[in-house]
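Notes to accompany the following structure.
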Amino acid sequence: MKNYDYFNATPETATDAQIEQAQKQIHTALPAKVVTFNPANQTVTLAVQIKQLLMDNQKVDIPPLVDVPVSYPRGGGFCVTFPLQAGDEGMVIFSERCIDGWWQSGHASEPLDIRFHDLSDGMFIPGICSVPNAVKGFFTNGLSLQTLDGATFIRLEGQNHDSRRYCSYW
């Protein structure tokens, strides 16, 4: 709330200020960069790339998020994995409720804490990136598993003009 005047506050402006302050504490999703990666637990330490805006409009860095589980595509007994390194970008999403009981046990559990949308309940989805880090020479004719520089790849191309399917690799 701009220009909040403590001495001339009305019940409405005081309520608005409280609501605004509460909203600033709700975390849903933020871009982040990997600081460190723990392959044994598939967790990362993250540096959030958006500053937190305080009630007085001061902007501060969010402290590093530690032991954040990494989301890899998986299902049906299969998974896709890849190592992460410092500087890799992605999105950290924050659970609606405390995930500690489920994360430690792997079973449905009651929340172990009353927190909501808390920074300590983040999960990292690697891949979302800023414009300067977009994939160069993006392959548009099918599926590509490749290095970011495009030098090494496995590609499954869609149908071409003679109805044959191709797979290329380097």
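Following the order of the structure tokens, first chain is A, next is B, and so on, with residues numbered from 1 inside each chain and ligands from 1 in the order they appear.
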Could you write out, as a ChimeraX atom specification, all the residues of stretch 12-116 of chain A that DSSP marks as strand (DSSP E or B)?
-> /A:29-38,43-48,52-53,59-60,65-70,74-75,78-79,89-94,97,116
Set out as a tab-separated table a contact list for stretch 15-50 of chain A and stretch 73-87 of chain A with a cut-off of 6 Å, giving each residue of stretch 15-50 of chain A that qualifies its closest atom pair and distance in Å to one decimal, counting only C-alpha atoms, ordered by chain and rising residue number.
```
residue	atom	partner	partner_atom	distance
A:Lys33	CA	A:Gly87	CA	5.3
A:Val34	CA	A:Ala86	CA	4.9
A:Val35	CA	A:Ala86	CA	4.7
A:Thr36	CA	A:Ala86	CA	5.7
```
Would you mind writing down, as an NGL selection string, each residue of chain A that DSSP on the backbone assigns to helix (DSSP H, G or I)?
-> :A and (6-8 or 11-23 or 100-105 or 119-121 or 131-133)
Which of these residues is nearest to A:Phe139, using only C-alpha atoms: A:Leu156, A:Val48, A:Val92, A:Cys98?
-> A:Leu156
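When only C-alpha atoms are used to measure the gap to A:Ala32, the shortest distance among A:Ala151, A:Ile62, A:Ala47, A:Leu54 belongs to A:Ala47.
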